[in-house]
>>> print(open('start-v8.cif').read())   # mmCIF, C-alpha atoms and all ligand atoms
data_my_file
loop_
_atom_site.label_atom_id
_atom_site.label_comp_id
_atom_site.auth_asym_id
_atom_site.auth_seq_id
_atom_site.Cartn_x
_atom_site.Cartn_y
_atom_site.Cartn_z
CA MET A 1 18.60 97.79 224.66
CA PHE A 2 19.98 101.31 224.69
CA SER A 3 22.57 100.62 227.35
CA LEU A 4 24.46 98.39 224.88
CA PHE A 5 25.53 101.55 223.11
CA LEU A 6 26.94 103.19 226.22
CA PRO A 7 30.48 102.93 227.60
CA GLY A 8 30.86 100.10 230.13
CA ASP A 9 30.55 102.11 233.35
CA PHE A 10 27.35 103.81 232.36
CA ALA A 11 25.77 100.68 230.92
CA MET A 12 26.28 98.94 234.26
CA GLN A 13 24.64 101.75 236.17
CA SER A 14 21.63 102.18 233.95
CA ASP A 15 20.98 98.44 234.16
CA CYS A 16 20.87 98.70 237.94
CA ASP A 17 18.31 96.29 239.37
CA TYR A 18 16.82 97.51 242.63
CA LYS A 19 16.30 93.95 243.75
CA GLU A 20 20.07 93.62 244.05
CA PRO A 21 21.51 94.06 247.54
CA PHE A 22 22.01 97.77 248.09
CA HIS A 23 23.82 100.29 250.26
CA VAL A 24 21.95 102.47 252.72
CA ALA A 25 23.72 105.31 254.51
CA ILE A 26 22.12 107.15 257.42
CA ILE A 27 22.86 110.52 259.00
CA MET A 28 21.45 109.76 262.43
CA ASP A 29 20.47 113.27 263.51
CA GLY A 30 18.24 114.67 266.24
CA ASN A 31 19.39 112.90 269.42
CA GLY A 32 20.06 116.17 271.24
CA ARG A 33 16.72 117.78 270.37
CA TRP A 34 14.87 114.58 271.24
CA ALA A 35 16.37 114.73 274.74
CA THR A 36 16.05 118.48 275.26
CA ARG A 37 12.34 118.35 274.41
CA ARG A 38 11.90 115.83 277.18
CA GLY A 39 13.86 117.87 279.70
CA LEU A 40 16.70 115.34 279.58
CA PRO A 41 20.44 115.91 279.06
CA ARG A 42 21.57 115.60 275.44
CA THR A 43 23.52 112.47 276.32
CA ALA A 44 20.23 110.72 277.14
CA GLY A 45 19.32 111.33 273.50
CA HIS A 46 22.52 109.67 272.36
CA SER A 47 21.76 106.61 274.51
CA ALA A 48 18.25 106.45 273.05
CA GLY A 49 19.84 106.73 269.61
CA VAL A 50 21.89 103.60 270.26
CA ALA A 51 18.67 101.69 270.97
CA THR A 52 17.38 102.77 267.54
CA VAL A 53 20.56 101.42 265.92
CA ARG A 54 20.06 98.05 267.62
CA ARG A 55 16.43 97.80 266.47
CA LEU A 56 17.18 98.71 262.88
CA ILE A 57 20.18 96.43 262.52
CA GLU A 58 18.02 93.47 263.51
CA ALA A 59 15.45 94.27 260.87
CA ILE A 60 17.58 95.50 258.02
CA PRO A 61 19.06 92.33 256.44
CA ALA A 62 15.52 91.18 255.58
CA MET A 63 15.00 94.41 253.62
CA GLY A 64 17.61 93.58 251.00
CA VAL A 65 20.31 95.85 252.35
CA SER A 66 23.86 94.51 252.14
CA THR A 67 25.77 97.52 253.47
CA LEU A 68 24.67 100.04 256.06
CA THR A 69 26.85 103.06 256.80
CA LEU A 70 25.94 105.01 259.93
CA PHE A 71 27.21 108.51 260.64
CA ALA A 72 27.91 108.44 264.37
CA PHE A 73 30.49 111.20 264.89
CA SER A 74 31.70 113.74 262.36
CA SER A 75 35.11 115.37 262.37
CA ASP A 76 33.27 118.62 263.04
CA ASN A 77 31.57 117.15 266.12
CA TRP A 78 34.83 117.75 268.04
CA ARG A 79 33.52 121.31 268.31
CA ARG A 80 30.95 120.20 270.85
CA PRO A 81 31.43 120.60 274.62
CA ALA A 82 34.02 118.21 276.04
CA ASP A 83 31.52 116.46 278.30
CA GLU A 84 29.21 115.60 275.39
CA VAL A 85 32.14 114.39 273.29
CA GLY A 86 33.46 112.33 276.22
CA ALA A 87 30.06 110.75 276.82
CA LEU A 88 29.76 109.89 273.12
CA MET A 89 33.17 108.19 273.11
CA VAL A 90 32.20 106.08 276.14
CA LEU A 91 28.86 105.21 274.55
CA LEU A 92 30.51 104.16 271.30
CA ARG A 93 32.99 101.96 273.08
CA THR A 94 30.25 100.34 275.16
CA TYR A 95 28.16 99.79 272.04
CA LEU A 96 31.00 98.09 270.16
CA ARG A 97 31.84 95.90 273.15
CA SER A 98 28.26 94.81 273.71
CA GLU A 99 27.44 94.18 270.05
CA ALA A 100 30.35 91.94 269.00
CA ARG A 101 28.62 88.71 270.01
CA ARG A 102 25.32 89.66 268.38
CA PHE A 103 27.15 90.47 265.14
CA ILE A 104 28.99 87.15 265.11
CA GLU A 105 25.81 85.17 265.85
CA ASN A 106 24.00 86.92 263.04
CA ASP A 107 26.84 86.55 260.52
CA MET A 108 27.28 90.32 260.28
CA ARG A 109 30.41 92.36 259.86
CA LEU A 110 31.11 95.59 261.71
CA SER A 111 33.78 98.05 260.69
CA VAL A 112 34.62 101.66 261.35
CA ILE A 113 35.51 104.33 258.82
CA GLY A 114 37.15 107.66 259.57
CA ARG A 115 40.23 108.86 261.42
CA ARG A 116 41.46 106.87 264.39
CA ASP A 117 44.39 108.94 265.56
CA ARG A 118 42.23 111.35 267.56
CA LEU A 119 40.01 108.72 269.20
CA PRO A 120 40.67 107.53 272.78
CA ALA A 121 43.06 104.56 272.84
CA GLY A 122 40.49 102.30 274.53
CA LEU A 123 37.96 102.97 271.80
CA VAL A 124 40.53 102.24 269.08
CA ARG A 125 41.36 98.91 270.75
CA GLN A 126 37.65 98.06 270.90
CA ILE A 127 37.25 98.94 267.21
CA GLU A 128 40.14 96.67 266.26
CA GLU A 129 38.76 93.83 268.36
CA VAL A 130 35.27 93.96 266.93
CA GLU A 131 36.51 94.37 263.36
CA HIS A 132 38.71 91.32 263.77
CA ALA A 133 36.01 89.24 265.47
CA THR A 134 33.34 90.00 262.85
CA ALA A 135 35.53 90.11 259.72
CA SER A 136 33.96 87.02 258.13
CA GLY A 137 30.36 88.24 258.53
CA ARG A 138 28.50 88.04 255.21
CA ARG A 139 24.84 88.79 255.87
CA LEU A 140 25.20 92.52 256.45
CA HIS A 141 28.15 94.89 256.57
CA VAL A 142 27.63 97.70 259.05
CA ARG A 143 30.09 100.55 258.75
CA VAL A 144 30.15 103.12 261.54
CA ALA A 145 31.61 106.50 260.59
CA LEU A 146 33.62 107.97 263.47
CA ASP A 147 35.69 111.15 263.27
CA TYR A 148 34.67 111.04 259.65
CA SER A 149 34.94 113.87 257.13
CA SER A 150 34.25 113.20 253.49
CA ARG A 151 36.09 116.32 252.37
CA ASP A 152 39.18 115.18 254.27
CA ALA A 153 38.96 111.75 252.59
CA ILE A 154 38.68 113.38 249.14
CA LEU A 155 41.53 115.75 249.92
CA GLN A 156 43.76 112.90 251.01
CA ALA A 157 42.86 110.92 247.90
CA ALA A 158 43.81 113.92 245.76
CA VAL A 159 47.21 114.07 247.46
CA GLN A 160 47.68 110.31 246.90
CA LEU A 161 46.65 110.59 243.27
CA GLY A 162 49.43 113.09 242.59
CA SER A 163 49.84 113.84 238.93
CA VAL A 164 48.81 110.82 236.91
CA ASP A 165 48.33 110.93 233.16
CA LYS A 166 44.79 109.67 232.94
CA PRO A 167 42.99 109.90 236.26
CA SER A 168 39.89 107.74 236.32
CA ARG A 169 36.84 108.00 238.57
CA GLU A 170 37.23 104.36 239.51
CA HIS A 171 40.83 104.72 240.65
CA PHE A 172 40.13 107.97 242.46
CA GLY A 173 37.07 106.44 244.14
CA LYS A 174 39.28 103.66 245.50
CA LEU A 175 41.71 106.22 246.87
CA VAL A 176 38.83 108.06 248.52
CA SER A 177 37.75 104.85 250.27
CA LYS A 178 41.26 104.00 251.33
CA ALA A 179 41.80 107.46 252.74
CA ARG A 180 40.69 107.28 256.33
CA GLU A 181 38.33 104.42 255.67
CA GLY A 182 39.08 100.92 256.77
CA ASP A 183 37.85 99.28 253.58
CA ALA A 184 39.56 98.75 250.28
CA ALA A 185 36.45 99.77 248.42
CA SER A 186 33.64 101.98 249.56
CA PRO A 187 30.46 101.13 247.72
CA GLU A 188 28.36 103.81 246.08
CA VAL A 189 25.47 104.87 248.28
CA ASP A 190 22.09 103.86 246.87
CA LEU A 191 19.85 105.40 249.50
CA LEU A 192 20.89 108.20 251.83
CA ILE A 193 18.62 108.90 254.80
CA ARG A 194 18.82 111.84 257.19
CA THR A 195 16.60 112.10 260.24
CA GLY A 196 16.06 115.13 262.47
CA GLY A 197 14.46 117.39 259.88
CA GLU A 198 17.64 118.96 258.46
CA LYS A 199 18.22 118.70 254.74
CA ARG A 200 21.97 118.73 254.38
CA LEU A 201 24.86 116.31 254.03
CA SER A 202 27.16 117.67 256.76
CA ASP A 203 30.28 116.31 255.02
CA PHE A 204 29.11 112.67 254.79
CA LEU A 205 30.04 110.37 251.87
CA LEU A 206 30.05 113.18 249.30
CA TRP A 207 31.88 111.27 246.57
CA GLU A 208 30.01 108.02 247.17
CA SER A 209 26.59 109.71 247.11
CA ALA A 210 26.87 111.23 243.64
CA TYR A 211 23.72 109.38 242.51
CA ALA A 212 22.25 108.41 245.87
CA GLU A 213 18.52 108.68 246.31
CA LEU A 214 17.83 111.07 249.18
CA TRP A 215 15.24 110.58 251.91
CA PHE A 216 14.67 113.05 254.72
CA SER A 217 12.67 112.32 257.83
CA GLU A 218 11.29 114.89 260.26
CA LYS A 219 11.59 112.34 263.05
CA MET A 220 14.38 112.65 265.58
CA TRP A 221 16.71 109.65 265.41
CA PRO A 222 15.54 107.98 268.66
CA ASP A 223 11.98 108.00 267.25
CA PHE A 224 12.95 106.57 263.86
CA GLY A 225 11.48 103.09 263.65
CA THR A 226 11.67 99.99 261.50
CA GLU A 227 8.46 101.10 259.76
CA ASP A 228 10.14 104.41 258.78
CA LEU A 229 13.06 102.55 257.30
CA GLN A 230 10.67 100.26 255.44
CA ALA A 231 8.82 103.29 254.05
CA SER A 232 12.06 104.86 252.83
CA ILE A 233 13.12 101.62 251.15
CA ALA A 234 9.69 101.14 249.57
CA GLU A 235 9.95 104.61 248.05
CA PHE A 236 13.54 103.97 246.99
CA ARG A 237 12.39 100.91 245.06
CA ARG A 238 9.78 102.99 243.27
CA ARG A 239 12.21 105.66 242.16
CA ASP A 240 13.37 105.78 238.56
CA ARG A 241 17.17 106.05 238.75
CA ARG A 242 18.36 107.34 235.41
CA PHE A 243 22.01 108.16 236.06
CA GLY A 244 21.83 110.84 233.42
CA GLY A 245 20.39 108.43 230.86
CA LEU A 246 16.79 107.77 229.95
CA SER A 247 14.14 105.99 231.90
CA ASN A 248 14.08 102.18 232.04
CA VAL A 249 10.49 102.37 233.18
CA ALA A 250 8.09 101.67 230.34
C1 LIG B 301 23.23 113.28 266.08
O1 LIG B 301 22.38 113.96 266.94
C2 LIG B 301 24.33 112.56 266.82
C3 LIG B 301 25.63 113.20 266.70
C4 LIG B 301 25.92 114.20 265.91
C5 LIG B 301 26.68 112.67 267.52
P1 LIG B 301 22.71 115.42 267.40
O2 LIG B 301 23.53 115.36 268.64
O3 LIG B 301 23.30 116.23 266.30
O4 LIG B 301 21.27 115.96 267.75
P2 LIG B 301 20.69 117.40 267.44
O5 LIG B 301 20.83 117.66 265.99
O6 LIG B 301 21.50 118.37 268.26
O7 LIG B 301 19.27 117.32 267.88
C1 LIG B 302 25.84 115.19 261.38
O1 LIG B 302 25.00 115.78 262.31
C2 LIG B 302 26.76 114.24 262.05
C3 LIG B 302 26.15 113.06 262.64
C4 LIG B 302 24.90 112.71 262.57
C5 LIG B 302 27.06 112.19 263.32
P1 LIG B 302 25.30 117.22 262.94
O2 LIG B 302 24.21 117.47 263.90
O3 LIG B 302 26.69 117.26 263.46
O4 LIG B 302 25.22 118.15 261.66
P2 LIG B 302 24.91 119.70 261.55
O5 LIG B 302 25.83 120.42 262.50
O6 LIG B 302 23.49 119.90 261.92
O7 LIG B 302 25.15 120.03 260.11
MG MG B 303 22.52 117.40 264.85
#
>>> encode(input="start-v8.cif", output="structure tokens")
Amino acid sequence: MFSLFLPGDFAMQSDCDYKEPFHVAIIMDGNGRWATRRGLPRTAGHSAGVATVRRLIEAIPAMGVSTLTLFAFSSDNWRRPADEVGALMVLLRTYLRSEARRFIENDMRLSVIGRRDRLPAGLVRQIEEVEHATASGRRLHVRVALDYSSRDAILQAAVQLGSVDKPSREHFGKLVSKAREGDAASPEVDLLIRTGGEKRLSDFLLWESAYAELWFSEKMWPDFGTEDLQASIAEFRRRDRRFGGLSNVA
């Protein structure tokens, strides 16, 4: 098989079996427009967006996903009006508090990636509590990105790397995950979904998405359903991921 002739890293990737547990990352966009179109305040869209998260998390372990990373608040979202930011912080804290039990019962782990030093103290305490309480969850790892900027994580990793003789992607990737992310290792993204009709990354998991399959949905996040997620995963499984090599599909 041709991959035997490739250096280790590349051989592993080109042998990738899509039946293996995989990592889905979602840019949950469109809450504000969803609400505005209904004559509601934007914050009503964020509340509706939380309901979507609950629905999908229930369904997702059965779809073969082992890690789900959700973009909930970007470092650039601090630019929004204070009342929207404040409402989001309250909503996030309430979500984490209410979900802990459900996560434990379903053997799922919840952790948060991103900066914590600018978050309200009560939210940080809630994050620490839920991370501790769900740490042994094995069925699904849900990572919520809060005050997250991928460029900041890469920048910090570059500072940490300093001047080493032979920098490797693997080592640098670990530094990227350690920088402002709770985990020791941030898995590569297999499938990256963005709702809300925009086709951009908005500073989300740039390093980790180097070979991610991209899926864009016109639906606003509160309208994104289990069937949409299933459709994206079905297409993901059909895609021929070549990683720069040649097709494995006969
Ligand atoms: C995504 O929805 C949620 C956050 C960024 C917090 P938006 O709030 O960006 O919704 P739109 O894009 O304005 O519709
Ligand atoms: C990205 O959405 C961040 C989240 C979904 C949390 P934004 O709505 O902030 O992105 P832009 O401003 O449209 O690029
Ligand atoms: Mg948006």
>>> closest_atom_pairs(input="start-v8.cif", of="range 180-248 of chain A", to="range 35-43 of chain A", cutoff="12 Å", atoms="all atoms listed in the file", output="JSON lines")
{"residue": "A:Met220", "atom": "CA", "partner": "A:Ala35", "partner_atom": "CA", "distance": 9.6}
{"residue": "A:Trp221", "atom": "CA", "partner": "A:Ala35", "partner_atom": "CA", "distance": 10.6}
{"residue": "A:Pro222", "atom": "CA", "partner": "A:Ala35", "partner_atom": "CA", "distance": 9.1}
{"residue": "A:Asp223", "atom": "CA", "partner": "A:Ala35", "partner_atom": "CA", "distance": 11.0}
>>> residues_near_ligand(input="start-v8.cif", ligand="ligand LIG 302 (chain B)", cutoff="9 Å", atoms="all atoms listed in the file", output="list in words")
Ile26, Ile27, Met28, Asp29, Gly30, Asn31, Gly32, Leu70, Phe71, Ala72, Phe73, Ser74, Ser75, Asp76, Asn77, Ala145, Leu146, Asp147, Tyr148, Arg194, Thr195, Gly196, Glu198, Lys199, Arg200, Leu201, Ser202, Asp203 and Phe204 of chain A
>>> axis_aligned_box(input="start-v8.cif", around="range 190-199 of chain A", padding_each_side="4 Å", output="JSON")
{"center_x": 18.3, "center_y": 111.4, "center_z": 254.7, "size_x": 15.6, "size_y": 23.1, "size_z": 23.6}
>>> closest_residue(input="start-v8.cif", among="A:Asp117, A:Glu208, A:Glu99, A:Glu213", to="Val142 in chain A", atoms="all atoms listed in the file")
A:Glu99
>>> residues_around(input="start-v8.cif", residues="Arg55 in chain A", least_positions_apart="4", cutoff="9 Å", atoms="all atoms listed in the file", output="list in words")
Val50, Ala51, Ala59, Ile60, Gly225 and Thr226 of chain A
>>> closest_residue(input="start-v8.cif", among="A:Ile127, A:Leu68, A:Ala121, A:Val144", to="ligand LIG 301 (chain B)", atoms="all atoms listed in the file")
A:Val144
>>> closest_residue(input="start-v8.cif", among="A:His46, A:Val176, A:Arg116, A:Gln160", to="ligand MG 303 (chain B)", atoms="all atoms listed in the file")
A:His46
>>> atom_distance(input="start-v8.cif", atom1="CA of Thr69 in chain A", atom2="CA of Ile193 in chain A")
10.3 Å
>>> closest_residue(input="start-v8.cif", among="A:Arg143, A:Gly49, A:Leu161, A:Ala82", to="ligand MG 303 (chain B)", atoms="only C-alpha atoms and all ligand atoms")
A:Gly49
>>> closest_residue(input="start-v8.cif", among="A:Asn248, A:Ser217, A:Ser150, A:Gln126", to="Ser98 in chain A", atoms="only C-alpha atoms")
A:Gln126
>>> atom_distance(input="start-v8.cif", atom1="CA of Arg241 in chain A", atom2="CA of Asp190 in chain A")
9.7 Å
>>> closest_residue(input="start-v8.cif", among="A:Asp83, A:Ser232, A:Ser66, A:Arg97", to="Leu214 in chain A", atoms="all atoms listed in the file")
A:Ser232
>>> atom_distance(input="start-v8.cif", atom1="CA of Met63 in chain A", atom2="CA of Leu229 in chain A")
9.1 Å
>>> residues_around(input="start-v8.cif", residues="Phe103 in chain A", least_positions_apart="4", cutoff="12 Å", atoms="only C-alpha atoms", output="list in words")
Arg54, Ile57, Glu58, Tyr95, Leu96, Arg97, Ser98, Glu99, Asp107, Met108, Arg109, Leu110, Ser111, Val130, Glu131, His132, Ala133, Thr134, Ala135, Ser136, Gly137, Arg138, Arg139, Leu140, His141 and Val142 of chain A
>>> residues_around(input="start-v8.cif", residues="Phe172 in chain A", least_positions_apart="3", cutoff="12 Å", atoms="only C-alpha atoms", output="ChimeraX atom specification")
/A:153-164,166-169,175-179,185-186,207-208
>>> decode(input="start-v8.cif", residues="range 29-40 of chain A", atoms="all heavy atoms", output="compact mmCIF listing (two decimals), in the first residue's frame")
# COMPACT_ATOMS: atom_id res chain seq x y z
N ASP A 29 -23.43 30.08 14.53
CA ASP A 29 -23.69 31.48 14.16
C ASP A 29 -25.14 31.67 13.73
O ASP A 29 -25.76 30.75 13.18
CB ASP A 29 -22.73 31.87 13.02
CG ASP A 29 -22.64 33.38 12.86
OD1 ASP A 29 -22.94 34.11 13.83
OD2 ASP A 29 -22.26 33.83 11.77
N GLY A 30 -25.65 32.89 13.96
CA GLY A 30 -26.98 33.25 13.46
C GLY A 30 -28.03 33.46 14.54
O GLY A 30 -29.20 33.72 14.21
N ASN A 31 -27.64 33.39 15.80
CA ASN A 31 -28.63 33.59 16.88
C ASN A 31 -29.29 34.96 16.80
O ASN A 31 -30.51 35.08 16.95
CB ASN A 31 -27.95 33.49 18.25
CG ASN A 31 -27.45 32.11 18.57
OD1 ASN A 31 -27.81 31.16 17.90
ND2 ASN A 31 -26.61 32.00 19.59
N GLY A 32 -28.47 35.99 16.57
CA GLY A 32 -28.98 37.36 16.57
C GLY A 32 -29.97 37.58 15.44
O GLY A 32 -31.07 38.11 15.64
N ARG A 33 -29.60 37.12 14.23
CA ARG A 33 -30.50 37.30 13.07
C ARG A 33 -31.79 36.50 13.25
O ARG A 33 -32.86 36.94 12.88
CB ARG A 33 -29.77 36.90 11.77
CG ARG A 33 -28.85 37.98 11.25
CD ARG A 33 -27.89 37.45 10.24
NE ARG A 33 -26.85 36.62 10.88
CZ ARG A 33 -26.10 35.75 10.24
NH1 ARG A 33 -26.28 35.54 8.95
NH2 ARG A 33 -25.17 35.08 10.88
N TRP A 34 -31.67 35.32 13.80
CA TRP A 34 -32.85 34.49 14.06
C TRP A 34 -33.85 35.27 14.91
O TRP A 34 -35.05 35.29 14.62
CB TRP A 34 -32.41 33.21 14.78
CG TRP A 34 -33.52 32.24 15.11
CD1 TRP A 34 -33.96 31.20 14.34
CD2 TRP A 34 -34.33 32.23 16.30
NE1 TRP A 34 -34.99 30.54 14.97
CE2 TRP A 34 -35.23 31.15 16.18
CE3 TRP A 34 -34.38 33.01 17.45
CZ2 TRP A 34 -36.16 30.83 17.16
CZ3 TRP A 34 -35.31 32.71 18.43
CH2 TRP A 34 -36.19 31.62 18.28
N ALA A 35 -33.34 35.93 15.95
CA ALA A 35 -34.22 36.67 16.86
C ALA A 35 -34.76 37.94 16.20
O ALA A 35 -35.97 38.21 16.25
CB ALA A 35 -33.45 37.03 18.14
N THR A 36 -33.87 38.68 15.54
CA THR A 36 -34.29 39.95 14.94
C THR A 36 -35.40 39.72 13.92
O THR A 36 -36.37 40.48 13.86
CB THR A 36 -33.07 40.63 14.27
OG1 THR A 36 -32.03 40.72 15.26
CG2 THR A 36 -33.39 42.02 13.77
N ARG A 37 -35.28 38.65 13.15
CA ARG A 37 -36.32 38.35 12.15
C ARG A 37 -37.67 38.06 12.77
O ARG A 37 -38.69 38.14 12.12
CB ARG A 37 -35.89 37.15 11.30
CG ARG A 37 -34.80 37.51 10.31
CD ARG A 37 -34.25 36.28 9.64
NE ARG A 37 -33.03 36.61 8.91
CZ ARG A 37 -32.26 35.73 8.29
NH1 ARG A 37 -32.60 34.45 8.31
NH2 ARG A 37 -31.18 36.10 7.67
N ARG A 38 -37.65 37.69 14.02
CA ARG A 38 -38.91 37.40 14.72
C ARG A 38 -39.35 38.57 15.59
O ARG A 38 -40.26 38.43 16.41
CB ARG A 38 -38.73 36.15 15.59
CG ARG A 38 -38.72 34.89 14.78
CD ARG A 38 -38.17 33.70 15.58
NE ARG A 38 -38.29 32.48 14.78
CZ ARG A 38 -37.52 32.18 13.74
NH1 ARG A 38 -36.54 33.01 13.37
NH2 ARG A 38 -37.70 31.06 13.06
N GLY A 39 -38.66 39.68 15.45
CA GLY A 39 -39.01 40.85 16.27
C GLY A 39 -38.63 40.68 17.73
O GLY A 39 -39.18 41.34 18.61
N LEU A 40 -37.68 39.79 18.00
CA LEU A 40 -37.28 39.53 19.39
C LEU A 40 -35.91 40.17 19.66
O LEU A 40 -35.15 40.44 18.72
CB LEU A 40 -37.16 38.01 19.61
CG LEU A 40 -38.44 37.19 19.41
CD1 LEU A 40 -38.12 35.69 19.37
CD2 LEU A 40 -39.43 37.50 20.52
